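For reference, work.txt is printed below; it contains compact mmCIF, C-alpha atoms.
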```
# COMPACT_ATOMS: atom_id res chain seq x y z
CA MET A 1 48.87 13.83 -14.75
CA ASN A 2 51.84 11.82 -16.03
CA SER A 3 51.40 8.45 -17.75
CA GLU A 4 52.30 6.50 -14.60
CA ASN A 5 49.65 8.25 -12.49
CA LEU A 6 47.15 7.97 -15.31
CA PHE A 7 47.34 4.20 -15.50
CA LEU A 8 47.38 3.93 -11.71
CA ALA A 9 44.09 5.83 -11.78
CA LEU A 10 42.75 3.56 -14.47
CA GLY A 11 43.69 0.55 -12.42
CA ASN A 12 41.40 1.75 -9.62
CA VAL A 13 38.34 2.01 -11.86
CA ASP A 14 35.93 -0.88 -11.35
CA ASP A 15 35.08 -2.55 -14.67
CA ARG A 16 31.45 -2.59 -13.62
CA LEU A 17 31.49 1.19 -13.23
CA ILE A 18 32.84 1.53 -16.74
CA GLU A 19 30.04 -0.71 -18.03
CA ASP A 20 27.46 1.30 -16.06
CA CYS A 21 28.72 4.57 -17.45
CA ALA A 22 28.56 3.16 -20.95
CA ASP A 23 25.04 1.87 -20.32
CA PHE A 24 24.11 5.33 -19.09
CA TYR A 25 24.41 6.72 -22.62
CA THR A 26 22.24 3.89 -23.97
CA ASP A 27 19.59 4.48 -21.28
CA ALA A 28 19.63 8.22 -21.92
CA ASP A 29 19.15 7.64 -25.65
CA MET A 30 16.23 5.32 -24.96
CA ARG A 31 14.62 7.90 -22.69
CA ARG A 32 15.08 10.59 -25.32
CA GLY A 33 13.29 8.33 -27.77
CA ARG A 34 10.23 8.54 -25.51
CA LYS A 35 10.08 12.34 -25.54
CA VAL A 36 7.95 13.98 -28.21
CA ASN A 37 6.12 17.21 -28.80
CA ASN A 38 2.75 16.88 -27.17
CA THR A 39 -0.41 18.75 -26.28
CA ALA A 40 0.59 19.48 -22.70
CA SER A 41 0.34 23.13 -21.73
CA THR A 42 3.59 24.44 -20.33
CA GLY A 43 3.46 27.21 -17.76
CA LYS A 44 5.60 30.30 -18.16
CA THR A 45 8.27 30.83 -15.58
CA SER A 46 7.83 33.88 -13.42
CA ASP A 47 10.67 35.75 -11.79
CA ASN A 48 8.38 36.86 -8.97
CA THR A 49 8.16 33.53 -7.21
CA SER A 50 6.99 33.19 -3.60
CA HIS A 51 9.17 32.23 -0.65
CA HIS A 52 8.07 28.63 -1.08
CA ASN A 53 8.65 28.28 -4.81
CA ARG A 54 11.43 26.00 -5.80
CA SER A 55 13.74 26.19 -8.80
CA LEU A 56 14.24 23.65 -11.50
CA TYR A 57 17.48 22.03 -12.32
CA ILE A 58 17.53 19.81 -15.37
CA LYS A 59 20.61 18.17 -16.65
CA ASP A 60 20.31 18.08 -20.39
CA LEU A 61 21.72 14.72 -21.28
CA ASP A 62 21.72 15.67 -24.95
CA ASN A 63 24.32 18.44 -24.58
CA ARG A 64 27.30 16.18 -24.20
CA GLY A 65 30.11 17.80 -26.13
CA GLN A 66 32.51 15.69 -28.14
CA ASP A 67 35.82 16.92 -29.48
CA HIS A 68 36.37 16.04 -33.09
CA MET A 69 39.88 15.89 -34.47
CA THR A 70 40.59 15.62 -38.17
CA SER A 71 43.76 15.30 -40.09
CA GLY A 72 44.52 16.62 -43.57
CA ARG A 73 45.89 14.51 -46.34
CA LYS A 74 49.29 16.27 -46.12
CA LYS A 75 49.79 15.44 -42.43
CA SER A 76 52.44 12.86 -41.80
CA VAL A 77 51.79 9.37 -40.52
CA PHE A 78 53.63 10.37 -37.35
CA THR A 79 51.32 13.34 -36.83
CA ARG A 80 48.20 11.25 -37.38
CA GLY A 81 49.47 8.62 -34.95
CA ARG A 82 50.23 11.27 -32.34
CA ILE A 83 46.77 12.75 -32.72
CA ALA A 84 45.18 9.30 -32.36
CA PHE A 85 47.24 8.67 -29.21
CA ILE A 86 46.24 12.03 -27.67
CA THR A 87 42.59 11.39 -28.57
CA SER A 88 42.71 7.97 -26.90
CA ILE A 89 44.23 9.41 -23.74
CA ALA A 90 41.56 12.15 -23.66
CA ALA A 91 38.81 9.59 -24.03
CA ILE A 92 40.26 7.49 -21.19
CA LEU A 93 40.53 10.56 -18.95
CA ALA A 94 36.92 11.49 -19.75
CA LEU A 95 35.85 7.99 -18.77
CA VAL A 96 37.72 8.22 -15.46
CA ILE A 97 36.10 11.60 -14.70
CA PHE A 98 32.65 10.38 -15.69
CA SER A 99 33.11 7.27 -13.52
CA GLY A 100 33.74 9.60 -10.60
CA LEU A 101 30.57 11.49 -11.42
CA CYS A 102 28.61 8.25 -11.39
CA ILE A 103 29.81 7.72 -7.83
CA SER A 104 29.51 11.27 -6.50
CA HIS A 105 26.25 12.35 -8.14
CA PRO A 106 23.40 9.85 -7.95
CA ALA A 107 21.57 11.44 -10.86
CA PHE A 108 24.22 9.91 -13.13
CA ALA A 109 23.87 6.37 -11.77
CA LYS A 110 22.27 3.79 -14.06
CA ASP A 111 19.82 2.54 -11.43
CA VAL A 112 18.68 6.07 -10.53
CA PRO A 113 16.99 7.47 -13.65
CA LEU A 114 15.79 11.04 -13.50
CA VAL A 115 12.48 10.17 -15.10
CA GLY A 116 12.78 6.87 -16.94
CA ASP A 117 10.88 3.72 -16.08
CA VAL A 118 9.18 4.90 -12.89
CA PHE A 119 6.77 1.97 -12.78
CA ALA A 120 9.57 -0.55 -13.23
CA SER A 121 11.49 1.10 -10.41
CA ILE A 122 8.76 1.37 -7.75
CA GLY A 123 5.75 -0.63 -8.96
CA TYR A 124 6.14 -3.47 -6.47
CA LYS A 125 6.66 -1.05 -3.58
CA LEU A 126 3.32 0.72 -3.97
CA GLY A 127 0.35 0.11 -1.69
CA PHE A 128 -1.40 -1.49 -4.67
CA GLY A 129 1.85 -3.01 -5.92
CA GLY A 130 2.52 -5.14 -8.96
CA SER A 131 4.11 -5.30 -12.38
CA TYR A 132 2.77 -2.00 -13.67
CA ASP A 133 5.45 -1.89 -16.33
CA SER A 134 3.83 -4.99 -17.90
CA TYR A 135 0.49 -3.21 -18.35
CA ALA A 136 1.16 0.52 -18.54
CA THR A 137 1.72 2.36 -21.81
CA PRO A 138 3.33 5.75 -22.57
CA ILE A 139 0.93 8.55 -21.77
CA THR A 140 1.29 10.15 -25.19
CA SER A 141 2.78 9.65 -28.64
CA ASP A 142 3.55 11.80 -31.64
CA GLU A 143 1.88 11.76 -35.06
CA ASN A 144 4.13 8.86 -36.06
CA GLY A 145 3.18 6.77 -33.07
CA ASN A 146 6.48 7.24 -31.24
CA PRO A 147 5.94 7.04 -27.45
CA GLY A 148 6.53 10.09 -25.31
CA GLU A 149 6.06 11.82 -21.98
CA LEU A 150 4.14 14.92 -20.91
CA SER A 151 6.17 17.58 -19.10
CA SER A 152 5.08 20.92 -17.69
CA SER A 153 7.44 23.48 -16.16
CA ILE A 154 6.59 26.44 -13.97
CA ASN A 155 8.54 28.38 -11.36
CA ASN A 156 11.63 26.32 -12.16
CA THR A 157 10.00 22.99 -11.30
CA THR A 158 9.14 20.29 -13.85
CA VAL A 159 6.40 17.70 -13.43
CA THR A 160 6.47 14.80 -15.88
CA LEU A 161 3.71 12.26 -16.51
CA GLN A 162 5.30 9.18 -18.00
CA ASP A 163 3.10 6.08 -18.27
CA ILE A 164 -0.56 5.27 -17.63
CA TYR A 165 -2.75 2.24 -16.98
CA CYS A 166 -6.53 2.09 -16.57
CA ASP A 167 -8.34 -1.15 -15.77
CA GLY A 168 -11.84 0.29 -15.51
CA LYS A 169 -11.76 0.46 -11.71
CA SER A 170 -8.69 2.61 -11.17
CA MET A 171 -6.34 4.79 -13.19
CA TYR A 172 -2.59 4.76 -12.44
CA ILE A 173 -0.13 7.40 -13.69
CA SER A 174 3.64 7.38 -13.12
CA VAL A 175 5.00 10.81 -12.22
CA ALA A 176 8.35 12.51 -11.69
CA VAL A 177 8.83 15.85 -9.93
CA GLU A 178 12.20 17.54 -10.49
CA SER A 179 13.28 20.62 -8.54
CA LYS A 180 16.54 22.56 -8.44
CA ASP A 181 16.32 23.29 -4.73
CA ALA A 182 16.53 20.23 -2.56
CA PHE A 183 13.40 18.66 -1.11
CA PRO A 184 13.47 18.35 2.70
CA VAL A 185 13.66 14.57 2.25
CA ASP A 186 14.47 13.68 5.86
CA GLN A 187 11.59 15.79 7.18
CA ILE A 188 8.85 14.39 4.93
CA TYR A 189 6.77 11.76 6.66
CA GLU A 190 7.01 8.15 5.50
CA ILE A 191 3.98 5.86 5.28
CA ASP A 192 4.52 2.11 4.85
CA GLY A 193 8.03 2.67 3.51
CA LEU A 194 7.02 5.29 0.93
CA LYS A 195 6.58 9.05 0.93
CA ARG A 196 3.73 11.15 -0.37
CA LEU A 197 3.44 14.47 -2.13
CA GLU A 198 -0.10 15.82 -2.03
CA VAL A 199 -1.47 17.08 -5.34
CA PHE A 200 -3.24 19.97 -3.63
CA ASN A 201 -5.94 22.13 -5.18
CA SER A 202 -5.86 20.16 -8.42
CA LYS A 203 -8.64 20.28 -10.98
CA VAL A 204 -9.40 17.31 -13.22
CA ASN A 205 -11.95 17.25 -16.04
CA TYR A 206 -13.10 14.02 -17.68
CA SER A 207 -14.55 14.18 -21.18
CA PHE A 208 -17.46 11.87 -20.28
CA ALA A 209 -18.51 13.86 -17.18
CA THR A 210 -21.00 16.20 -18.85
CA ASP A 211 -24.23 15.88 -16.83
CA SER A 212 -23.34 17.74 -13.66
CA THR A 213 -21.72 21.08 -12.88
CA TYR A 214 -21.69 20.32 -9.17
CA GLN A 215 -19.03 17.65 -9.23
CA SER A 216 -15.41 18.58 -8.48
CA TYR A 217 -12.74 16.05 -9.44
CA CYS A 218 -9.15 16.08 -8.28
CA PHE A 219 -6.06 13.95 -7.79
CA ASP A 220 -5.12 13.08 -4.20
CA TYR A 221 -1.39 12.43 -3.87
CA ILE A 222 1.72 10.98 -5.48
CA GLU A 223 2.99 7.92 -3.62
CA GLY A 224 6.64 7.07 -4.22
CA GLU A 225 10.22 7.73 -3.26
CA PHE A 226 13.07 10.16 -3.72
CA LYS A 227 15.77 9.16 -6.20
CA ASP A 228 17.90 12.00 -4.89
CA GLU A 229 17.19 15.21 -3.01
CA HIS A 230 16.05 16.91 -6.22
CA THR A 231 13.95 14.14 -7.81
CA PHE A 232 10.79 12.41 -6.61
CA VAL A 233 9.16 9.58 -8.59
CA GLY A 234 5.85 7.95 -7.83
CA CYS A 235 2.33 7.04 -8.85
CA ILE A 236 -1.03 8.79 -8.80
CA LYS A 237 -3.92 6.35 -8.28
CA THR A 238 -7.48 7.48 -8.98
CA ASP A 239 -10.54 5.51 -7.89
CA LEU A 240 -12.84 5.71 -10.89
CA GLU A 241 -15.97 4.78 -8.93
CA SER A 242 -15.84 8.20 -7.26
CA VAL A 243 -15.40 9.81 -10.68
CA LEU A 244 -18.31 7.97 -12.29
CA ARG A 245 -20.74 8.85 -9.51
CA TYR A 246 -22.54 12.16 -9.87
CA VAL A 247 -25.63 14.17 -8.92
CA PRO A 248 -27.61 15.72 -11.79
CA ASP A 249 -27.96 19.49 -11.69
CA ASP A 250 -31.73 19.45 -11.19
CA VAL A 251 -31.43 17.10 -8.20
CA ALA A 252 -28.58 19.07 -6.67
CA GLN A 253 -30.46 22.37 -6.99
CA SER A 254 -33.50 20.95 -5.18
CA SER A 255 -31.52 19.38 -2.32
CA ASP A 256 -30.64 21.12 0.93
CA GLN A 257 -27.23 19.49 0.80
CA LEU A 258 -25.53 18.22 -2.31
CA TYR A 259 -24.00 15.30 -0.45
CA ASP A 260 -27.01 14.57 1.76
CA SER A 261 -27.49 10.83 2.33
CA ASP A 262 -30.92 11.03 0.67
CA VAL A 263 -29.53 12.40 -2.60
CA GLU A 264 -29.99 9.98 -5.47
CA TRP A 265 -26.64 9.28 -7.08
CA LYS A 266 -26.33 8.44 -10.75
CA TYR A 267 -23.41 6.83 -12.57
CA TYR A 268 -21.68 7.59 -15.83
CA GLU A 269 -20.91 4.69 -18.14
CA LEU A 270 -17.13 4.50 -18.48
CA PRO A 271 -16.21 4.70 -22.18
CA ASP A 272 -13.41 2.65 -23.67
CA THR A 273 -11.49 5.85 -24.43
CA PHE A 274 -11.74 9.27 -22.80
CA THR A 275 -9.76 12.48 -22.42
CA VAL A 276 -8.48 14.00 -19.18
CA ASP A 277 -7.51 17.64 -18.57
CA VAL A 278 -5.44 18.22 -15.42
CA THR A 279 -4.32 21.37 -13.63
CA ILE A 280 -2.09 20.91 -10.57
CA ASN A 281 -1.89 24.16 -8.62
CA GLN A 282 0.31 23.07 -5.71
CA ILE A 283 2.42 20.12 -4.64
CA VAL A 284 2.54 19.86 -0.86
CA ALA A 285 4.51 17.67 1.57
CA SER A 286 3.72 17.27 5.26
CA ILE A 287 6.94 17.65 7.24
CA ASP A 288 8.26 17.03 10.72
CA ASN A 289 9.35 20.58 11.52
CA PRO A 290 10.87 21.19 14.99
CA GLU A 291 9.75 24.81 14.84
CA ALA A 292 6.12 23.68 14.99
CA GLY A 293 6.78 22.62 18.58
CA ASN A 294 7.13 26.28 19.53
CA LEU A 295 3.45 26.91 18.72
CA SER A 296 0.47 26.10 20.91
CA ALA A 297 -2.28 23.76 19.73
CA ASP A 298 -4.53 26.77 19.16
CA GLU A 299 -1.86 28.52 17.11
CA LEU A 300 -1.31 25.45 14.97
CA GLY A 301 -5.05 25.04 14.54
CA SER A 302 -5.40 28.58 13.26
CA LEU A 303 -2.82 28.14 10.48
CA ASP A 304 -3.88 27.89 6.86
CA TYR A 305 -2.98 24.89 4.73
CA PRO A 306 -0.28 24.69 3.59
CA ASN A 307 1.86 26.58 6.10
CA GLU A 308 5.58 26.88 6.77
CA TYR A 309 5.41 25.09 10.12
CA GLU A 310 3.82 21.86 8.94
CA ASN A 311 4.38 21.81 5.20
CA TRP A 312 6.81 22.29 2.34
CA TRP A 313 5.30 23.10 -1.03
CA ILE A 314 5.82 24.19 -4.61
CA ASP A 315 3.41 26.50 -6.45
CA GLY A 316 2.18 25.69 -9.97
CA PRO A 317 0.19 25.49 -12.09
CA TRP A 318 1.24 22.48 -14.16
CA LYS A 319 -1.20 21.60 -16.93
CA PHE A 320 -1.68 18.40 -18.93
CA THR A 321 -4.09 16.88 -21.44
CA PHE A 322 -4.02 13.19 -22.33
CA ASP A 323 -6.17 10.34 -23.62
CA VAL A 324 -6.93 7.19 -21.63
CA ASN A 325 -7.56 3.76 -23.12
CA VAL A 326 -9.34 1.35 -20.78
CA ASP A 327 -7.98 -2.20 -20.57
CA ASN A 328 -11.13 -4.32 -20.34
CA LYS A 329 -9.37 -7.60 -21.10
CA SER A 330 -7.28 -7.96 -17.94
CA SER A 331 -10.14 -7.70 -15.42
CA VAL A 332 -12.81 -10.25 -14.50
CA SER A 333 -16.10 -9.55 -12.69
CA LYS A 334 -18.30 -12.11 -10.93
CA THR A 335 -21.69 -11.34 -9.36
CA ILE A 336 -23.10 -13.51 -6.61
CA GLU A 337 -26.48 -13.59 -4.87
CA LEU A 338 -26.48 -13.23 -1.09
CA THR A 339 -29.04 -15.17 0.92
CA GLY A 340 -30.23 -15.16 4.53
CA LEU A 341 -29.47 -11.48 5.15
CA ASP A 342 -31.76 -8.63 6.09
CA SER A 343 -32.08 -5.03 4.85
CA GLY A 344 -32.13 -5.97 1.16
CA PHE A 345 -28.43 -6.84 1.07
CA ASP A 346 -28.81 -9.49 -1.63
CA GLU A 347 -26.11 -9.00 -4.29
CA LEU A 348 -22.34 -8.45 -4.53
CA THR A 349 -19.97 -8.08 -7.47
CA ALA A 350 -16.30 -8.98 -7.14
CA THR A 351 -13.95 -7.54 -9.79
CA LEU A 352 -10.38 -8.80 -10.02
CA THR A 353 -7.89 -6.51 -11.80
CA PRO A 354 -4.13 -7.00 -12.10
CA PHE A 355 -3.64 -4.93 -8.92
CA GLU A 356 -6.78 -5.05 -6.79
CA LEU A 357 -9.94 -6.90 -5.85
CA VAL A 358 -12.94 -4.55 -5.81
CA LEU A 359 -16.11 -5.53 -3.96
CA SER A 360 -19.18 -3.59 -5.11
CA TYR A 361 -22.56 -3.67 -3.34
CA ASP A 362 -25.26 -1.49 -1.83
CA HIS A 363 -23.60 0.03 1.22
CA ASP A 364 -26.85 1.41 2.59
CA ALA A 365 -28.32 -2.10 2.65
CA ALA A 366 -25.11 -3.46 4.19
CA MET A 367 -24.88 -1.02 7.11
CA ASP A 368 -25.10 -3.81 9.70
CA TYR A 369 -22.60 -6.11 7.99
CA VAL A 370 -18.91 -6.48 7.19
CA VAL A 371 -17.70 -8.12 3.97
CA VAL A 372 -14.45 -10.07 4.32
CA ALA A 373 -12.37 -11.77 1.61
CA VAL A 374 -9.71 -14.48 1.87
CA ASP A 375 -7.52 -15.82 -0.93
CA ALA A 376 -7.26 -19.39 -2.22
CA ASN A 377 -5.13 -20.32 0.82
CA GLY A 378 -7.51 -18.79 3.34
CA VAL A 379 -5.29 -15.75 3.96
CA TYR A 380 -7.21 -12.65 5.07
CA MET A 381 -7.08 -9.88 2.47
CA PRO A 382 -7.32 -6.50 4.24
CA GLY A 383 -8.74 -3.70 2.13
CA GLU A 384 -8.99 0.05 1.85
CA ASN A 385 -11.96 2.37 1.26
CA ASP A 386 -14.41 0.67 3.64
CA MET A 387 -12.45 -2.57 3.19
CA ASP A 388 -13.88 -2.96 -0.33
CA THR A 389 -10.77 -2.19 -2.43
CA ILE A 390 -8.14 -4.81 -1.71
CA PRO A 391 -4.51 -4.91 -2.96
CA VAL A 392 -3.82 -8.36 -4.44
CA GLN A 393 -0.02 -8.39 -4.51
CA GLY A 394 1.23 -11.41 -2.56
CA PHE A 395 -2.12 -13.25 -2.56
CA ASP A 396 -3.28 -16.31 -4.51
CA THR A 397 -6.30 -14.93 -6.33
CA SER A 398 -7.08 -17.97 -8.45
CA SER A 399 -10.11 -18.02 -6.17
CA VAL A 400 -11.38 -15.92 -3.27
CA THR A 401 -13.98 -16.65 -0.63
CA ILE A 402 -16.41 -13.91 0.37
CA TYR A 403 -17.77 -13.86 3.93
CA VAL A 404 -20.55 -11.61 5.21
CA CYS A 405 -20.38 -11.11 8.98
CA ASP A 406 -22.34 -9.17 11.57
CA TYR A 407 -20.61 -5.82 12.09
CA ASP A 408 -20.63 -5.83 15.89
CA ASP A 409 -19.54 -9.47 16.09
CA PHE A 410 -16.66 -8.80 13.69
CA MET A 411 -15.40 -5.69 15.45
CA ASP A 412 -15.83 -6.96 19.03
CA ASN A 413 -15.02 -10.65 18.88
CA PHE A 414 -12.80 -11.89 16.08
CA LYS A 415 -11.31 -9.19 13.85
CA GLY A 416 -8.07 -9.37 15.82
CA GLN A 417 -7.85 -13.12 15.21
CA LEU A 418 -7.40 -12.49 11.50
CA LEU A 419 -4.30 -10.39 12.18
CA ASP A 420 -0.90 -10.98 13.74
CA ASN A 421 -0.25 -8.29 16.38
CA GLY A 422 -2.37 -5.90 14.38
CA GLU A 423 -0.58 -6.64 11.11
CA PRO A 424 -1.72 -8.80 8.15
CA SER A 425 -1.08 -12.49 8.73
CA SER A 426 -0.36 -15.38 6.36
CA LYS A 427 -2.34 -17.92 8.41
CA ASP A 428 -5.44 -19.74 7.17
CA CYS A 429 -8.45 -17.86 8.58
CA ARG A 430 -11.24 -19.92 7.06
CA ASP A 431 -12.11 -21.83 10.25
CA ILE A 432 -12.46 -18.59 12.21
CA LEU A 433 -14.65 -16.98 9.58
CA GLU A 434 -16.81 -20.07 9.00
CA SER A 435 -17.71 -20.10 12.69
CA HIS A 436 -18.94 -16.48 12.58
CA ALA A 437 -20.08 -15.74 9.02
CA LEU A 438 -23.75 -15.30 8.17
CA PHE A 439 -23.00 -16.03 4.49
CA SER A 440 -20.04 -17.36 2.50
CA LYS A 441 -19.31 -18.06 -1.14
CA ASN A 442 -16.21 -19.14 -3.04
CA ILE A 443 -15.53 -17.38 -6.36
CA SER A 444 -13.10 -18.76 -8.94
CA PHE A 445 -11.34 -16.39 -11.33
```
Can the structure from this file be put into structure tokens for me?
Amino acid sequence: MNSENLFLALGNVDDRLIEDCADFYTDADMRRGRKVNNTASTGKTSDNTSHHNRSLYIKDLDNRGQDHMTSGRKKSVFTRGRIAFITSIAAILALVIFSGLCISHPAFAKDVPLVGDVFASIGYKLGFGGSYDSYATPITSDENGNPGELSSSINNTTVTLQDIYCDGKSMYISVAVESKDAFPVDQIYEIDGLKRLEVFNSKVNYSFATDSTYQSYCFDYIEGEFKDEHTFVGCIKTDLESVLRYVPDDVAQSSDQLYDSDVEWKYYELPDTFTVDVTINQIVASIDNPEAGNLSADELGSLDYPNEYENWWIDGPWKFTFDVNVDNKSSVSKTIELTGLDSGFDELTATLTPFELVLSYDHDAAMDYVVVAVDANGVYMPGENDMDTIPVQGFDTSSVTIYVCDYDDFMDNFKGQLLDNGEPSSKDCRDILESHALFSKNISF
């Protein structure tokens, strides 16, 4: 390239791209500062991978070569000046080439980190959205207290756990999955604007869960998005109530069914700090595969899970061990007495965390009722898990009003009035609920 063409090329480089490429090195250095040696177990790569195993492709940002030119004391001023000029031109050319890479390969773009700052990138998009990056902390650190990440690689695929937050009700972990072979991004189903990778056949052990050998804990799925066709970032959310509940061995052995409705559940006390051991054996995506249409319903029903017609998956295992510190200062619980109801339904506890409102009560006593919550403006707050775990993003939770309604009346007569064409509405629903509720109580937080 002659000098005229060189400077024509430079003239077409957007200054913002140059700044972004420069910032890329800073961001990469910051991410490297997070990585430390840790206690995670790293699987050994096997050459005998299955048809569904995927390969890992990691761009090592640390292996950027840099040409060093030196000049001896006996070299002339002219020679040193020529070398400096050549070096400058080489640096400019490298910048032009790297700017092109920022455009052509999304993994190089500043706003598309391979692993860094997952919570900051997608926190507000999650079903239980919010400013996770304001609460979460790095999942591990070295002996000097330097923050780090946990990575495990097997069959050429790397899973990285980055940050964690636990509020006593739920545990949230930011995750990145990096694979050399492309994910079938367009085929993976989307739910509420995000995609899910199921953490299938996982095994999770909690250090406090020592009184039962019959309990089996696992992670459900990673909710998030693809940064490119090789990189998925998201969040694993674990409901701790299901973890704390257990059946003692002696009770389980004497019961016809471990999960029989008559079994007496007990609850662990959640410690302020505990350790978690995780083994992820498969990561599975449900896909829209046209070839599945060639099978009959019976043929589809006879397939194992996962299968090549309905799923895409990667085989593990990926293993991790990490400590969890519970944030007890950012959550508030209020218990209220319920009056005028039958079946012993007489108490309810509302816990407000940075990301959800959790309503806890005796579900057996509340079989004939529905518990509904509205925010300080009377806006209906739809929930998950029997309507008792409610995302709070977008609501004014300075106070909430709890309504207890007859189940049949709610389902048959006025549930639809709280919604707008089946979707959550921003209208004030207090008048509707007051006319139907058997009990109501305002709670200030």
Nearby residues (only C-alpha atoms) at most 7 Å from Trp265 in chain A, same-chain spacing under 5 positions excluded, as a CSV table (one decimal) with C-alpha atoms, keeping the file's coordinate frame:
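Full text of result.csv as output:
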```csv
chain,number,residue,atom,x,y,z
A,245,ARG,CA,-20.7,8.8,-9.5
A,246,TYR,CA,-22.5,12.2,-9.9
A,247,VAL,CA,-25.6,14.2,-8.9
```
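Minimum atom-to-atom distances from A:Ile173, A:Leu270, A:Cys218, A:Val263 to Asp250 in chain A were compared using all atoms listed in the file, and the lowest value belongs to A:Val263.
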| said: Need to verify the contact set: range 384-400 of chain A, 9 Å, only C-alpha atoms, exclusion of same-chain residues closer than 4 positions in sequence. Can you return it as a ChimeraX atom specification? | reply: /A:124,127-130,352-360,370-379,441-445
File of the preceding selection, C-alpha atoms, as an mmCIF file, keeping the file's coordinate frame:
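Result file is result.cif:
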```cif
data_model
loop_
_atom_site.group_PDB
_atom_site.id
_atom_site.type_symbol
_atom_site.label_atom_id
_atom_site.label_comp_id
_atom_site.auth_asym_id
_atom_site.auth_seq_id
_atom_site.Cartn_x
_atom_site.Cartn_y
_atom_site.Cartn_z
ATOM 1 C CA TYR A 124 6.140 -3.470 -6.470
ATOM 2 C CA GLY A 127 0.350 0.110 -1.690
ATOM 3 C CA PHE A 128 -1.400 -1.490 -4.670
ATOM 4 C CA GLY A 129 1.850 -3.010 -5.920
ATOM 5 C CA GLY A 130 2.520 -5.140 -8.960
ATOM 6 C CA LEU A 352 -10.380 -8.800 -10.020
ATOM 7 C CA THR A 353 -7.890 -6.510 -11.800
ATOM 8 C CA PRO A 354 -4.130 -7.000 -12.100
ATOM 9 C CA PHE A 355 -3.640 -4.930 -8.920
ATOM 10 C CA GLU A 356 -6.780 -5.050 -6.790
ATOM 11 C CA LEU A 357 -9.940 -6.900 -5.850
ATOM 12 C CA VAL A 358 -12.940 -4.550 -5.810
ATOM 13 C CA LEU A 359 -16.110 -5.530 -3.960
ATOM 14 C CA SER A 360 -19.180 -3.590 -5.110
ATOM 15 C CA VAL A 370 -18.910 -6.480 7.190
ATOM 16 C CA VAL A 371 -17.700 -8.120 3.970
ATOM 17 C CA VAL A 372 -14.450 -10.070 4.320
ATOM 18 C CA ALA A 373 -12.370 -11.770 1.610
ATOM 19 C CA VAL A 374 -9.710 -14.480 1.870
ATOM 20 C CA ASP A 375 -7.520 -15.820 -0.930
ATOM 21 C CA ALA A 376 -7.260 -19.390 -2.220
ATOM 22 C CA ASN A 377 -5.130 -20.320 0.820
ATOM 23 C CA GLY A 378 -7.510 -18.790 3.340
ATOM 24 C CA VAL A 379 -5.290 -15.750 3.960
ATOM 25 C CA LYS A 441 -19.310 -18.060 -1.140
ATOM 26 C CA ASN A 442 -16.210 -19.140 -3.040
ATOM 27 C CA ILE A 443 -15.530 -17.380 -6.360
ATOM 28 C CA SER A 444 -13.100 -18.760 -8.940
ATOM 29 C CA PHE A 445 -11.340 -16.390 -11.330
#
```
| said: When you look at range 327-343 of chain A with a cut-off of 8 Å (counting only C-alpha atoms), what residues show up, excluding the ones that are within fewer than 4 positions of it in the same chain? I need them as a ChimeraX atom specification. | reply: /A:165-168,272,347-354,365-366,438-439,443,445
| For Ala252 in chain A, the nearest of the candidates A:Tyr217, A:Ile402, A:Ser212, A:Glu225, counting all atoms listed in the file | A:Ser212
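Nearest to Asp315 in chain A of all the residues A:Gln282, A:Ser151, A:Thr158, A:Thr401 is A:Gln282, based on all atoms listed in the file.
Among the candidate residues A:Ile154, A:Ala136, A:Leu295, A:Ile164, the one lying nearest to Glu310 in chain A is A:Leu295, with distances computed using only C-alpha atoms.
With distances restricted to all atoms listed in the file, A:Pro382 is the closest residue to Gly416 in chain A from A:Pro271, A:Pro317, A:Pro382, A:Gly123.
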| query | For Glu434 in chain A, which residue out of A:Tyr267, A:Phe200, A:Tyr403, A:Tyr189 is the nearest one, using only C-alpha atoms? | reply | A:Tyr403
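As for CA of Lys427 in chain A and CA of Tyr380 in chain A, they are spaced 7.9 Å apart.
Of note, CA of Phe226 in chain A and CA of Ile283 in chain A are spaced 14.6 Å apart.
Take CA of Ser134 in chain A and CA of Ser174 in chain A: the distance between them is 13.3 Å.
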